[in-house]
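J.: So that we are looking at the same thing, I have put the structure below in structure tokens.
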Number of protein chains: 2
Amino acid sequence: MEINRTKITIIGLGNVGFHLAKVFAEKGYAIHQVFSSSANKEPDFVRAINAKIITKINQLDYSSDIFIFCLKDEVLPDILSQTSFTNQLLLHTAGSIDMHIFKGKSKNYGVFYPLQTFSKSREIDFQTVPICVEGSNHETEKRIRNFAESISKKVVDINSLQRKYIHLAAVFASNYSNAMYAIAQEILKEHQMDFDIIRPLIKETAEKVMEILPDKAQTGPAIRNDNETLINHLALLNDEEKKTLYRLIAGYIQRKNNH
Amino acid sequence: MEINRTKITIIGLGNVGFHLAKVFAEKGYAIHQVFSSSANKEPDFVRAINAKIITKINQLDYSSDIFIFCLKDEVLPDILSQTSFTNQLLLHTAGSIDMHIFKGKSKNYGVFYPLQTFSKSREIDFQTVPICVEGSNHETEKRIRNFAESISKKVVDINSLQRKYIHLAAVFASNYSNAMYAIAQEILKEHQMDFDIIRPLIKETAEKVMEILPDKAQTGPAIRNDNETLINHLALLNDEEKKTLYRLIAGYIQRKNNH
């Protein structure tokens, strides 16, 4: 596809929509419209990428070639029901929504799921972001793949069922490891220590598994069966929720290791 | 202290003892003896750093200036009971052991706790490793601090109680975030997908909290209160242990966010 002749509409300006609009604009695509129900969301950004913002879905202009839906899961069906496409390419970016949500809306549709955690304040190097693609037919899938390859070196064909499991795995690997960092943050704060002290440890823990697999990288009192430390740690924790989590995760590590 | 006149003995050649022997040898310290109960542990390494390996604690030569105990928590008291020091500097590297375990063995003792996860196969840049130090008296503490500063730029005075909480926080931030990676690894493997696909996400999740705090970095279905996804994910999980963990961590994220 010719980048400078491809018109893109981005529907939803959350973290994913924002970063996709940004990277596609940078690559030379024409970002035609950006839909966001909150009127003044990122006006400078939308101006900078030369796009028009629309706040009502009936303002949608159907002249774009590609429509990328970056909406919350529960919002997508309602927004979609207010649209009438001909055969433009329709994509969504959700981990857990089936590709066929677009059935009846266009013959050409699919999934464009970037496997990354996005925040507006952080730059993302899309070249290294795995993009999971799936298409409604062979030709469409090829087209989506080409489109994804124009921003990333790591495009992978993933069907809807596999994608659900990738999303589930991503919740553990990212959202839940961040929750573990947050518990550490709480414990340190309660005892007047700065989170900074633990940052090099977090960095090395993640870097380790860039080379080896997590089951080979496990360290700590649980895998050492250091019961004295486990008991002492449980006694140091001052709420039942953290105690239960501590015990369960220790148990998971120990059972997995003894298999 | 003069590095090339300071004789060090390392007691225990696990991951911590190995890396400390290595970095101190590289810095120019004389590694005098290395104790390891497993006879032929790392013979090439011990030879390379010009040290003598001993496998019985009664072979300990008391002419060293500093003795660093890098043993499993439950082994330290027994090994210590078989020694008789005069007033050499005694250090241990444990997160959860009180400094006064050395009381009666020497007047000069303390703690040298490097807050990092060590594996023999990975290089460690000690300059960036926080080292928590504590000493039995003012002069000893200063000496330990100087010693630590000869390898790290991040030496911090931490008392025994604070250190216990740092260790507890480290278990969550490192051992338990790695357990989350391991669960992701299992889920991907069960569905014939490579762990590689999730590595960029893990890296970015850790890098995010190098700049912002974890409670501000949280993303995912739990914090979005995306109950449909939470329910679907629970249905995809095929064992009770992971279901319980999924539910509890989602609950932790949601409760913390609604405060």
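Numbering starts fresh at 1 for the residues of each chain in the structure tokens, the chains themselves are lettered A, B, ... in the order given, and ligands are numbered from 1 as they appear.
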Please, which residues of chain B lie no more than 6 Å from chain A when the count uses only C-alpha atoms, and can they be set out as JSON, numbers by chain?

T.: {"B": [116, 169, 172, 173, 174, 175, 177, 180, 181, 182, 184, 201, 202, 203, 205, 206, 214, 215, 219, 220]}

J.: Tell me, as an NGL selection string, which residues lie within 12 Å of Asp78 of chain B, counting only C-alpha atoms; anything in the same chain fewer than 6 positions away does not count.

T.: :B and (57 or 71-72 or 101)

J.: Grab the atom CA of Gly135 of chain B to atom CA of Ile8 of chain B distance for me, in Å with one decimal place.

T.: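 It comes out at 17.5 Å.
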